[in-house]
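Enquirer: If it helps, the file is called model-v1.cif and holds mmCIF, C-alpha atoms:
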```cif
data_structure
#
loop_
_atom_site.label_atom_id
_atom_site.label_comp_id
_atom_site.auth_asym_id
_atom_site.auth_seq_id
_atom_site.Cartn_x
_atom_site.Cartn_y
_atom_site.Cartn_z
CA MET A 221 -29.33 -1.94 4.32
CA PRO A 222 -28.38 -5.12 2.44
CA SER A 223 -31.50 -6.97 1.40
CA ALA A 224 -32.35 -10.47 2.58
CA PRO A 225 -32.96 -12.61 -0.51
CA PRO A 226 -36.18 -14.62 -0.82
CA GLN A 227 -36.02 -18.34 -0.16
CA PRO A 228 -37.18 -20.88 -2.78
CA VAL A 229 -39.75 -23.41 -1.58
CA GLN A 230 -41.33 -26.49 -3.17
CA LEU A 231 -45.14 -26.45 -3.24
CA ALA A 232 -48.10 -28.54 -4.33
CA CYS A 233 -51.12 -26.66 -5.71
CA PRO A 234 -54.12 -27.19 -3.37
CA SER A 235 -56.44 -27.07 -6.38
CA CYS A 236 -54.87 -29.30 -9.05
CA GLY A 237 -51.94 -30.89 -7.22
CA THR A 238 -49.27 -29.54 -9.58
CA ARG A 239 -45.86 -29.27 -7.91
CA PHE A 240 -43.89 -26.08 -8.51
CA ARG A 241 -41.34 -23.76 -6.89
CA SER A 242 -42.04 -20.30 -5.50
CA LEU A 243 -40.15 -17.63 -3.55
CA VAL A 244 -40.82 -16.62 0.07
CA TYR A 245 -39.72 -13.37 1.71
CA THR A 246 -39.12 -13.47 5.46
CA LEU A 247 -37.66 -9.96 5.86
CA VAL A 248 -39.05 -6.76 4.34
CA ASP A 249 -37.41 -3.38 4.89
CA GLY A 250 -40.08 -0.75 4.25
CA GLY A 251 -37.61 2.10 3.97
CA GLU A 252 -35.18 0.35 1.62
CA GLN A 253 -37.57 -1.92 -0.30
CA PRO A 254 -40.69 0.11 -1.13
CA GLU A 255 -41.73 -2.37 -3.81
CA LEU A 256 -41.83 -5.20 -1.23
CA LYS A 257 -43.66 -2.98 1.24
CA ALA A 258 -46.28 -2.22 -1.43
CA ALA A 259 -46.62 -5.91 -2.21
CA LEU A 260 -47.09 -6.68 1.50
CA LEU A 261 -49.70 -3.98 2.00
CA THR A 262 -51.64 -5.02 -1.11
CA GLY A 263 -51.71 -8.70 -0.19
CA GLN A 264 -49.31 -9.78 -2.93
CA LEU A 265 -46.24 -10.70 -0.90
CA ASN A 266 -45.59 -14.42 -0.57
CA VAL A 267 -48.44 -15.31 -2.91
CA ALA A 268 -47.81 -18.40 -5.06
CA VAL A 269 -49.64 -18.80 -8.36
CA CYS A 270 -49.96 -22.30 -9.79
CA PRO A 271 -48.50 -22.37 -13.33
CA ALA A 272 -51.01 -25.04 -14.34
CA CYS A 273 -54.41 -23.81 -13.12
CA GLY A 274 -53.64 -20.22 -12.06
CA MET A 275 -54.82 -20.77 -8.47
CA ALA A 276 -53.34 -18.09 -6.17
CA SER A 277 -52.48 -19.08 -2.59
CA MET A 278 -51.03 -17.11 0.31
CA LEU A 279 -47.97 -18.89 1.67
CA SER A 280 -47.81 -19.38 5.41
CA ALA A 281 -44.41 -18.05 6.44
CA PRO A 282 -42.91 -16.01 9.30
CA LEU A 283 -42.21 -12.39 8.47
CA ILE A 284 -40.07 -9.56 9.85
CA TYR A 285 -40.97 -5.98 8.85
CA HIS A 286 -38.40 -3.25 9.46
CA ASP A 287 -38.42 0.50 8.88
CA ALA A 288 -35.56 2.45 10.44
CA GLY A 289 -37.10 5.83 9.64
CA LYS A 290 -40.23 5.00 11.65
CA GLN A 291 -38.36 2.76 14.13
CA LEU A 292 -40.54 -0.25 13.33
CA PHE A 293 -39.45 -3.80 14.10
CA LEU A 294 -42.54 -5.97 13.61
CA VAL A 295 -42.73 -9.76 13.79
CA TYR A 296 -45.40 -12.15 12.57
CA VAL A 297 -45.22 -15.92 12.93
CA PRO A 298 -48.28 -17.85 11.64
CA GLN A 299 -49.88 -19.89 14.39
CA GLU A 300 -50.56 -22.74 11.96
CA LEU A 301 -46.80 -23.37 11.74
CA ASN A 302 -46.92 -24.60 15.37
CA SER A 303 -43.43 -23.18 15.93
CA GLN A 304 -41.81 -23.78 19.28
CA PRO A 305 -41.07 -20.66 21.39
CA GLN A 306 -37.34 -21.23 21.12
CA GLU A 307 -37.61 -21.43 17.30
CA ILE A 308 -39.47 -18.12 17.20
CA ASP A 309 -36.92 -16.51 19.54
CA ARG A 310 -34.09 -17.77 17.36
CA PHE A 311 -35.80 -16.42 14.21
CA ILE A 312 -36.27 -13.00 15.83
CA GLY A 313 -32.75 -13.02 17.26
CA ASP A 314 -31.19 -13.74 13.87
CA ALA A 315 -33.22 -10.96 12.27
CA SER A 316 -32.34 -8.54 15.06
CA ALA A 317 -28.62 -9.31 14.72
CA PHE A 318 -28.80 -8.86 10.95
CA LEU A 319 -30.56 -5.49 11.33
CA LEU A 320 -28.17 -4.28 14.06
CA ARG A 321 -25.25 -4.93 11.73
CA SER A 322 -27.02 -3.10 8.91
CA VAL A 323 -28.17 0.06 10.73
CA PRO A 324 -25.60 2.90 10.81
CA ASN A 325 -23.86 3.36 14.17
CA GLU A 326 -25.25 6.88 14.63
CA ALA A 327 -28.86 5.77 13.97
CA PRO A 328 -31.33 4.85 16.79
CA ARG A 329 -31.12 1.14 17.65
CA GLY A 330 -33.11 0.70 20.83
CA TYR A 331 -36.29 -0.31 19.00
CA LEU A 332 -34.46 -3.34 17.55
CA LEU A 333 -34.23 -4.78 21.06
CA ALA A 334 -38.01 -4.66 21.60
CA PRO A 335 -39.81 -6.15 18.55
CA ARG A 336 -43.61 -5.94 18.39
CA ARG A 337 -45.17 -9.35 17.85
CA PHE A 338 -48.45 -9.91 15.98
CA LEU A 339 -50.79 -12.89 15.98
CA THR A 340 -52.12 -12.15 12.48
CA LEU A 341 -50.61 -10.76 9.31
CA GLN A 342 -53.51 -8.33 9.05
CA SER A 343 -52.72 -6.78 12.43
CA LEU A 344 -49.10 -6.28 11.33
CA ILE A 345 -50.26 -4.59 8.13
CA GLU A 346 -52.57 -2.34 10.16
CA ALA A 347 -49.60 -1.29 12.29
CA ILE A 348 -47.67 -0.33 9.14
CA TYR A 349 -50.61 1.70 7.84
CA GLU A 350 -51.02 3.38 11.22
CA ALA A 351 -47.36 4.42 11.17
CA ASP A 352 -47.95 5.86 7.68
CA GLY A 353 -50.89 7.92 8.95
CA VAL A 354 -53.59 5.94 7.11
CA SER A 355 -57.03 6.10 8.74
CA ALA A 356 -58.95 3.03 9.88
CA GLU A 357 -61.65 3.82 7.29
CA ASP A 358 -59.09 3.85 4.48
CA LEU A 359 -57.68 0.59 5.74
CA ARG A 360 -61.09 -1.10 5.81
CA ARG A 361 -61.67 0.08 2.24
CA GLN A 362 -58.26 -1.24 1.19
CA ASN A 363 -58.96 -4.61 2.78
CA ARG A 364 -62.27 -4.80 0.96
CA TYR A 365 -60.53 -4.15 -2.35
CA VAL A 366 -58.09 -6.97 -1.62
CA GLU A 367 -61.02 -9.31 -0.93
CA ILE A 368 -62.68 -8.36 -4.22
CA LEU A 369 -59.50 -8.77 -6.24
CA THR A 370 -58.69 -12.12 -4.66
CA ASP A 371 -62.17 -13.34 -5.55
CA LEU A 372 -61.90 -12.11 -9.14
CA VAL A 373 -58.38 -13.41 -9.72
CA ASN A 374 -59.53 -16.93 -8.87
CA VAL A 375 -62.29 -16.88 -11.56
CA VAL A 376 -60.57 -14.75 -14.21
CA ASP A 377 -60.46 -17.72 -16.63
CA ASP A 378 -64.19 -18.43 -16.32
CA ASP A 379 -66.08 -15.70 -18.22
CA GLN A 380 -69.50 -16.58 -16.83
CA ARG A 381 -68.41 -16.76 -13.20
CA PHE A 382 -66.29 -13.63 -13.58
CA THR A 383 -69.29 -11.68 -14.90
CA GLU A 384 -71.47 -12.99 -12.09
CA LYS A 385 -68.88 -11.95 -9.50
CA ALA A 386 -68.44 -8.52 -11.14
CA GLN A 387 -72.20 -7.97 -11.06
CA GLY A 388 -72.16 -8.54 -7.33
CA TYR A 389 -69.41 -5.94 -6.91
CA THR A 390 -70.80 -3.35 -9.36
CA LYS A 391 -71.39 -0.64 -6.76
CA GLU A 392 -67.84 -1.04 -5.42
CA LEU A 393 -66.13 -0.78 -8.82
CA THR A 394 -65.46 2.93 -8.33
CA PRO A 395 -62.64 5.07 -9.79
CA GLU A 396 -60.93 4.68 -6.41
CA PHE A 397 -61.11 0.89 -6.79
CA PHE A 398 -59.48 1.02 -10.22
CA ALA A 399 -56.80 3.41 -8.91
CA THR A 400 -56.07 0.88 -6.17
CA LEU A 401 -55.96 -1.94 -8.72
CA ASP A 402 -53.43 0.05 -10.77
CA ALA A 403 -51.35 0.53 -7.62
CA PHE A 404 -51.46 -3.23 -6.96
CA ILE A 405 -50.25 -3.94 -10.49
CA ASN A 406 -47.44 -1.40 -10.22
CA ALA A 407 -46.39 -2.89 -6.87
CA THR A 408 -45.62 -6.30 -8.35
CA ASN A 409 -41.95 -7.19 -8.86
CA LYS A 410 -40.22 -9.50 -11.34
CA ALA A 411 -40.78 -12.51 -9.14
CA GLN A 412 -44.52 -11.84 -9.29
CA ALA A 413 -44.81 -11.69 -13.08
CA GLN A 414 -47.62 -14.25 -13.12
CA MET A 415 -49.61 -12.38 -10.47
CA ARG A 416 -49.09 -9.15 -12.40
CA SER A 417 -50.44 -10.83 -15.53
CA LEU A 418 -53.52 -12.06 -13.64
CA LEU A 419 -54.21 -8.61 -12.20
CA ILE A 420 -53.86 -7.00 -15.64
CA ARG A 421 -56.36 -9.51 -17.04
CA VAL A 422 -58.73 -8.74 -14.17
CA ARG A 423 -58.42 -5.02 -14.92
CA GLU A 424 -59.06 -5.52 -18.63
CA LYS A 425 -62.12 -7.69 -18.02
CA LEU A 426 -63.48 -5.29 -15.38
CA GLN A 427 -63.03 -2.33 -17.70
CA ALA A 428 -64.94 -4.15 -20.42
CA TYR A 429 -67.65 -5.14 -17.93
CA THR A 430 -68.04 -1.62 -16.49
CA ALA A 431 -68.16 -0.15 -20.01
CA ARG A 432 -71.01 -2.53 -20.92
CA ALA A 433 -72.76 -1.87 -17.64
CA ALA A 434 -72.45 1.90 -18.07
CA ALA A 435 -73.83 1.72 -21.62
CA LEU A 436 -76.73 -0.44 -20.45
CA ALA A 437 -77.44 1.88 -17.51
CA ALA A 438 -77.35 4.93 -19.80
CA THR A 439 -79.82 3.27 -22.20
CA GLN A 440 -82.11 2.27 -19.35
CA GLU A 441 -81.93 5.78 -17.90
CA LEU A 442 -82.76 7.30 -21.29
CA ASN A 443 -85.68 4.93 -21.83
CA ALA A 444 -86.99 5.72 -18.35
CA ALA A 445 -86.77 9.46 -19.11
CA ILE A 446 -88.66 9.00 -22.37
CA GLU A 447 -91.35 6.95 -20.67
CA ARG A 448 -91.77 9.56 -17.97
CA LEU A 449 -92.01 12.44 -20.44
CA ARG A 450 -94.49 10.44 -22.51
CA THR A 451 -96.85 9.86 -19.60
CA VAL A 452 -96.50 12.98 -17.44
CA SER A 453 -99.35 15.49 -17.55
CA ASP A 454 -99.12 18.72 -19.56
CA ASP A 455 -98.99 20.74 -16.32
CA GLU A 456 -96.11 18.65 -14.92
CA LEU A 457 -94.16 18.52 -18.18
CA PRO A 458 -92.12 21.76 -17.66
CA SER A 459 -90.76 20.66 -14.27
CA ALA A 460 -90.06 17.15 -15.56
CA VAL A 461 -88.14 18.50 -18.56
CA LYS A 462 -86.13 20.80 -16.30
CA GLU A 463 -85.23 17.88 -14.04
CA LEU A 464 -84.30 15.59 -16.94
CA ARG A 465 -82.56 18.23 -19.07
CA PRO A 466 -79.10 16.57 -18.78
CA LEU A 467 -80.51 13.46 -20.51
CA ILE A 468 -82.27 15.30 -23.34
CA ASP A 469 -79.81 15.30 -26.23
CA TYR A 470 -79.62 14.12 -29.82
CA GLY A 471 -79.83 10.48 -28.74
CA PHE A 472 -82.96 11.23 -26.71
CA PHE A 473 -84.77 12.78 -29.69
CA GLU A 474 -83.53 9.98 -31.94
CA LEU A 475 -85.16 7.35 -29.69
CA TRP A 476 -88.29 9.50 -29.40
CA THR A 477 -88.52 9.71 -33.19
CA GLU A 478 -88.17 5.92 -33.42
CA GLN A 479 -91.22 5.58 -31.19
CA ILE A 480 -93.18 7.95 -33.45
CA GLU A 481 -92.18 5.93 -36.50
CA ALA A 482 -93.10 2.67 -34.77
CA ALA A 483 -96.56 4.05 -33.93
CA GLU A 484 -97.06 5.20 -37.52
CA ALA A 485 -95.93 1.82 -38.87
CA SER A 486 -98.45 0.02 -36.68
CA GLY A 487 -101.26 2.36 -37.78
CA ASP A 488 -101.60 4.00 -34.36
CA THR A 489 -102.10 7.52 -35.69
CA ALA A 490 -103.33 8.95 -32.39
CA THR A 491 -100.18 7.90 -30.50
CA ALA A 492 -97.95 9.14 -33.32
CA GLN A 493 -99.65 12.54 -33.27
CA MET A 494 -99.46 12.78 -29.47
CA LEU A 495 -95.75 11.90 -29.48
CA THR A 496 -95.05 14.39 -32.28
CA ALA A 497 -96.83 17.21 -30.47
CA ARG A 498 -95.09 16.41 -27.19
CA ARG A 499 -91.71 16.25 -28.90
CA SER A 500 -92.26 19.78 -30.19
CA ARG A 501 -93.28 20.96 -26.72
CA ILE A 502 -90.22 19.32 -25.12
CA LEU A 503 -87.97 21.00 -27.67
CA GLU A 504 -89.53 24.40 -26.84
CA LEU A 505 -89.00 23.84 -23.12
CA VAL A 506 -85.39 22.73 -23.62
CA GLU A 507 -84.64 25.83 -25.68
CA ALA A 508 -86.18 28.03 -22.95
CA ILE A 509 -84.14 26.25 -20.23
CA ASP A 510 -80.95 26.69 -22.23
CA ARG A 511 -81.65 30.39 -22.82
CA GLU A 512 -82.23 30.86 -19.10
CA ALA A 513 -79.00 29.02 -18.32
CA GLN A 514 -77.09 31.19 -20.79
CA GLU A 515 -78.54 34.35 -19.29
CA LEU A 516 -77.63 33.09 -15.79
CA PHE A 517 -74.07 32.42 -16.95
CA GLU A 518 -73.77 35.85 -18.53
CA ARG A 519 -75.10 37.58 -15.38
CA GLY A 520 -72.76 35.54 -13.19
CA SER A 521 -69.77 36.26 -15.43
CA ALA A 522 -70.57 39.97 -15.40
CA LEU A 523 -70.82 39.97 -11.59
CA ILE A 524 -67.49 38.14 -11.29
CA ASP A 525 -65.80 40.60 -13.66
CA ASP A 526 -67.23 43.54 -11.70
CA VAL A 527 -66.03 42.37 -8.29
CA LEU A 528 -62.63 41.27 -9.61
CA SER A 529 -62.07 44.77 -10.98
CA THR A 530 -62.28 46.21 -7.45
CA SER A 531 -59.47 46.50 -4.93
CA ASP A 532 -61.28 44.09 -2.55
CA PRO A 533 -63.29 41.48 -4.51
CA VAL A 534 -64.52 39.68 -1.39
CA ALA A 535 -65.93 42.87 0.14
CA ALA A 536 -67.43 43.81 -3.23
CA LEU A 537 -69.23 40.45 -3.42
CA TRP A 538 -70.67 40.94 0.07
CA GLU A 539 -72.01 44.34 -1.05
CA ARG A 540 -73.86 42.57 -3.86
CA ALA A 541 -74.96 39.62 -1.74
CA ALA A 542 -78.54 39.87 -3.07
CA GLU A 543 -77.26 38.70 -6.48
CA VAL A 544 -75.48 35.65 -5.08
CA ASP A 545 -77.18 32.29 -5.58
CA GLU A 546 -76.40 28.66 -6.43
CA GLY A 547 -76.16 29.62 -10.09
CA LEU A 548 -73.27 31.96 -9.34
CA LEU A 549 -71.41 29.11 -7.65
CA THR A 550 -71.75 27.10 -10.87
CA VAL A 551 -70.35 29.99 -12.90
CA ILE A 552 -67.44 30.48 -10.48
CA SER A 553 -66.66 26.74 -10.62
CA ALA A 554 -66.55 26.86 -14.43
CA SER A 555 -64.34 29.97 -14.28
CA ILE A 556 -61.92 28.24 -11.89
CA ALA A 557 -61.61 25.29 -14.29
CA ALA A 558 -60.95 27.68 -17.21
CA ALA A 559 -58.34 29.61 -15.19
CA ARG A 560 -56.54 26.41 -14.25
CA HIS A 561 -56.53 25.29 -17.88
CA ALA A 562 -55.11 28.69 -18.89
CA GLY A 563 -52.37 28.42 -16.26
CA SER A 564 -53.44 31.45 -14.19
CA PRO A 565 -52.80 30.49 -10.52
CA GLU A 566 -53.43 34.01 -9.20
CA LEU A 567 -56.85 34.14 -10.86
CA VAL A 568 -57.61 30.66 -9.52
CA ASP A 569 -56.84 31.87 -5.98
CA GLN A 570 -59.10 34.92 -6.39
CA LEU A 571 -61.95 32.84 -7.78
CA GLU A 572 -61.63 30.26 -5.01
CA GLN A 573 -61.91 33.07 -2.45
CA LEU A 574 -65.06 34.29 -4.24
CA ALA A 575 -66.47 30.74 -4.24
CA ALA A 576 -65.92 30.46 -0.48
CA THR A 577 -67.49 33.87 0.05
CA ALA A 578 -70.49 33.04 -2.14
CA GLN A 579 -70.98 29.80 -0.21
CA GLU A 580 -70.80 31.76 3.05
CA ILE A 581 -73.40 34.23 1.79
CA ILE A 582 -75.75 31.41 0.76
CA GLU A 583 -75.22 29.61 4.06
CA SER A 584 -76.05 32.79 5.98
CA ARG A 585 -79.56 32.71 4.50
CA LEU A 586 -80.24 29.14 5.52
CA SER A 587 -82.21 28.02 8.53
CA PRO A 588 -80.23 26.44 11.39
CA GLU A 589 -81.64 23.06 10.31
CA ASP A 590 -80.44 23.40 6.72
CA ARG A 591 -76.99 24.56 7.84
CA PHE A 592 -76.65 21.51 10.08
CA ILE A 593 -77.96 19.22 7.33
CA ASN A 594 -75.34 20.58 4.92
CA GLU A 595 -72.70 19.90 7.52
CA LEU A 596 -73.95 16.33 7.94
CA MET A 597 -74.02 15.74 4.17
CA ALA A 598 -70.47 17.08 3.83
CA GLN A 599 -69.13 14.23 5.99
CA GLU A 600 -67.03 11.71 4.11
CA THR A 601 -68.97 8.62 5.21
CA THR A 602 -72.41 7.82 6.63
CA LEU A 603 -70.69 6.70 9.83
CA ASP A 604 -69.02 10.12 10.17
CA ALA A 605 -72.41 11.80 9.64
CA THR A 606 -74.00 9.62 12.31
CA ARG A 607 -71.22 10.46 14.77
CA LEU A 608 -71.65 14.18 14.09
CA LEU A 609 -75.41 13.86 14.59
CA ARG A 610 -74.95 12.14 17.95
CA LYS A 611 -72.43 14.76 19.08
CA ASN A 612 -75.01 17.52 18.54
CA MET A 613 -78.00 16.26 20.51
CA THR A 614 -79.22 19.81 21.18
CA LYS A 615 -79.70 20.33 17.43
CA ILE A 616 -81.89 17.24 17.03
CA THR A 617 -85.46 18.52 16.95
CA PRO A 618 -88.72 17.51 15.25
CA GLU A 619 -88.08 20.35 12.79
CA LEU A 620 -84.69 18.84 11.86
CA ALA A 621 -86.25 15.41 11.22
CA ARG A 622 -89.00 17.02 9.13
CA ARG A 623 -86.53 19.06 7.11
CA LEU A 624 -84.33 15.98 6.49
CA ASN A 625 -87.32 14.20 4.96
CA GLU A 626 -88.20 17.30 2.88
CA ARG A 627 -84.66 17.51 1.56
CA ALA A 628 -84.77 13.78 0.75
CA ALA A 629 -87.94 14.32 -1.28
CA GLU A 630 -86.26 17.19 -3.14
CA GLU A 631 -83.31 14.98 -4.04
CA GLU A 632 -85.65 12.21 -5.21
CA LYS A 633 -87.30 14.68 -7.60
CA ARG A 634 -83.83 15.42 -8.98
CA ALA A 635 -83.28 11.64 -9.37
CA ASN A 636 -80.37 11.84 -6.90
CA GLN A 637 -81.22 8.60 -5.14
CA ALA A 638 -77.94 8.25 -3.22
CA ALA A 639 -78.32 11.65 -1.52
CA ALA A 640 -82.01 11.00 -0.92
CA GLU A 641 -81.33 7.69 0.82
CA ARG A 642 -78.61 9.25 2.98
CA LEU A 643 -81.00 12.01 4.04
CA ARG A 644 -83.72 9.45 4.80
CA GLN A 645 -81.28 7.49 6.95
CA LEU A 646 -80.31 10.63 8.87
CA ALA A 647 -84.00 11.45 9.31
CA ARG A 648 -84.64 8.00 10.79
CA GLU A 649 -81.67 8.34 13.14
CA ALA A 650 -82.71 11.85 14.20
CA SER A 651 -86.27 10.65 14.87
CA ALA A 652 -85.00 7.72 16.93
CA LEU A 653 -82.82 10.04 19.04
CA LEU A 654 -85.81 12.24 19.85
CA PHE A 655 -87.35 9.51 21.96
#
```
Take the structure in the file and write it out as structure tokens.

Expert:
Amino acid sequence: MPSAPPQPVQLACPSCGTRFRSLVYTLVDGGEQPELKAALLTGQLNVAVCPACGMASMLSAPLIYHDAGKQLFLVYVPQELNSQPQEIDRFIGDASAFLLRSVPNEAPRGYLLAPRRFLTLQSLIEAIYEADGVSAEDLRRQNRYVEILTDLVNVVDDDQRFTEKAQGYTKELTPEFFATLDAFINATNKAQAQMRSLLIRVREKLQAYTARAAALAATQELNAAIERLRTVSDDELPSAVKELRPLIDYGFFELWTEQIEAAEASGDTATAQMLTARRSRILELVEAIDREAQELFERGSALIDDVLSTSDPVAALWERAAEVDEGLLTVISASIAAARHAGSPELVDQLEQLAATAQEIIESRLSPEDRFINELMAQETTLDATRLLRKNMTKITPELARRLNERAAEEEKRANQAAAERLRQLAREASALLF
């Protein structure tokens, strides 16, 4: 289909008053112009950026969206334009005539005679996403990312305000967010060079911010681990070291040694001796944990080798179900990663079947409450988990609520606060549904 060129318009910046020219698209063909479709869906179509102050503004303009493959003919006319009905009809009629001339004679054309009209640009975008099979949850997440980026673009030149804004969005600056930001940048066209530059600057500043935040969080986490292992009782030390083992590395012992040296420098011999003795004990416990982990890995690897050498590995694993535990799942997961790296797809398939079987064996030992809890926790969002809970009223019992709280406490001991809070929320909802 021949493309409809953008129209130049004269604008005045609402922030600084600078007058400049920008381009406005009134017709986007999603099948023929994927770059314009991407710009529309990511909130970058018909956005004017002031060359003087960098203020980005969405231009209010009518828009036709067409996709012959999906038979979409969508129309949006901003209400603030106060267009007369006959003007809107003429705009749609011209677009319809243009598209009818462009669509091949053998292609379906009936949809071009019945355009869908939308009162908001967002509702038009939602219709495009729906036609692409995108869920409402994904769309809400996408819209939230657009809100965040719009906010950050407008303060990208102010370091202090940018940092303050980024701090407020810290929890939402996920890998998925950065992947979406990359997609937004890639969706910009030549006419949006200034917007592309702004988005790249936002990405660079966010990456620097998240790197600083991650380093600070890691230091705080390490200091908290040291403080806990300093103050915990001798009886509780083994379980605390086991829980915090992922944090106990060279950096951990380096900071611990600094505390010993600081105590010695201040003349606090008793504290220095206590810290020295505890450091030795922690080192002993870490070595024991690592030996146990190595033995577990060797046993798991031997079991995997044994069952893979049989004609029916899945049946062989069921015969040795007593040896299957969470540790074996960890070993299988590591083996799958190694097989993928080695380029062995057949071995990957076999190992994935063993992983599914091992999970089935472990699940078979669980109580009905724990099986249902695992199902709830496997849901993609808290809303999905709540819906599943409400669909299974017969499974909601005092025992389920009790077990949810027990599982939450277990996750808190592992310092997995996100899982613990989700379990607590489910426990509250289950308890409320009991009455």

Enquirer: Rank A:Leu516, A:Leu393, A:Ala522, A:Ala576 by their smallest atom-to-atom distance to A:Leu426, using all atoms listed in the file, and report the top residue only.

Expert: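 Result for the nearest residue to A:Leu426: A:Leu393.
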
Enquirer: Which distance in Å separates atom CA of A:Leu294 and atom CA of A:Phe338, to one decimal?

Expert: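 Going from atom CA of A:Leu294 over to atom CA of A:Phe338 covers 7.5 Å.
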
Enquirer: Of the residues A:Leu265, A:Leu571, A:Leu231, A:Met597, which is the one nearest to A:Met278, using only C-alpha atoms?

Expert: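 Selected residue with least distance to A:Met278: A:Leu265.
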
Enquirer: Could you tell me how far atom CA of A:Glu572 lies from atom CA of A:Ala640, in Å and to one decimal?

Expert: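 If I compute the distance from atom CA of A:Glu572 to atom CA of A:Ala640, I get 28.3 Å.
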
Enquirer: Give me, as a ChimeraX atom specification, all polymer residues having an atom no more than 10 Å from stretch 241-250 of chain A, counting all atoms listed in the file and skipping those fewer than 5 positions away in the same chain.

Expert: /A:221-232,255-258,260,265-271,279-290,292-297,311,315,319,348,411-412

Enquirer: What's the separation between atom CA of A:Asn374 and atom CA of A:Ala434, in Å to one decimal place?

Expert: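 Going from atom CA of A:Asn374 over to atom CA of A:Ala434, I get 24.6 Å.
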
Enquirer: Nearest to A:Val354 among A:Ile468, A:Leu261, A:Ala428, A:Ala433, with distances taken over all atoms listed in the file: which residue is it?

Expert: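 So, comparing all the options, the nearest one is A:Leu261.
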
Enquirer: Using the chain letters and residue numbers of this document, give as number ranges by chain the residues selected by the PyMOL selection byres ((chain A and resi 494) around 12).

Expert: A: 449-451, 454, 476-477, 479-480, 483-484, 488-493, 495-501

Enquirer: Considering only C-alpha atoms, state which residue in the set A:Arg361, A:Arg519, A:Arg591, A:Lys462 is at the smallest distance from A:Glu507.

Expert: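 Looking at the shortest contact to A:Glu507, the residue is A:Lys462.
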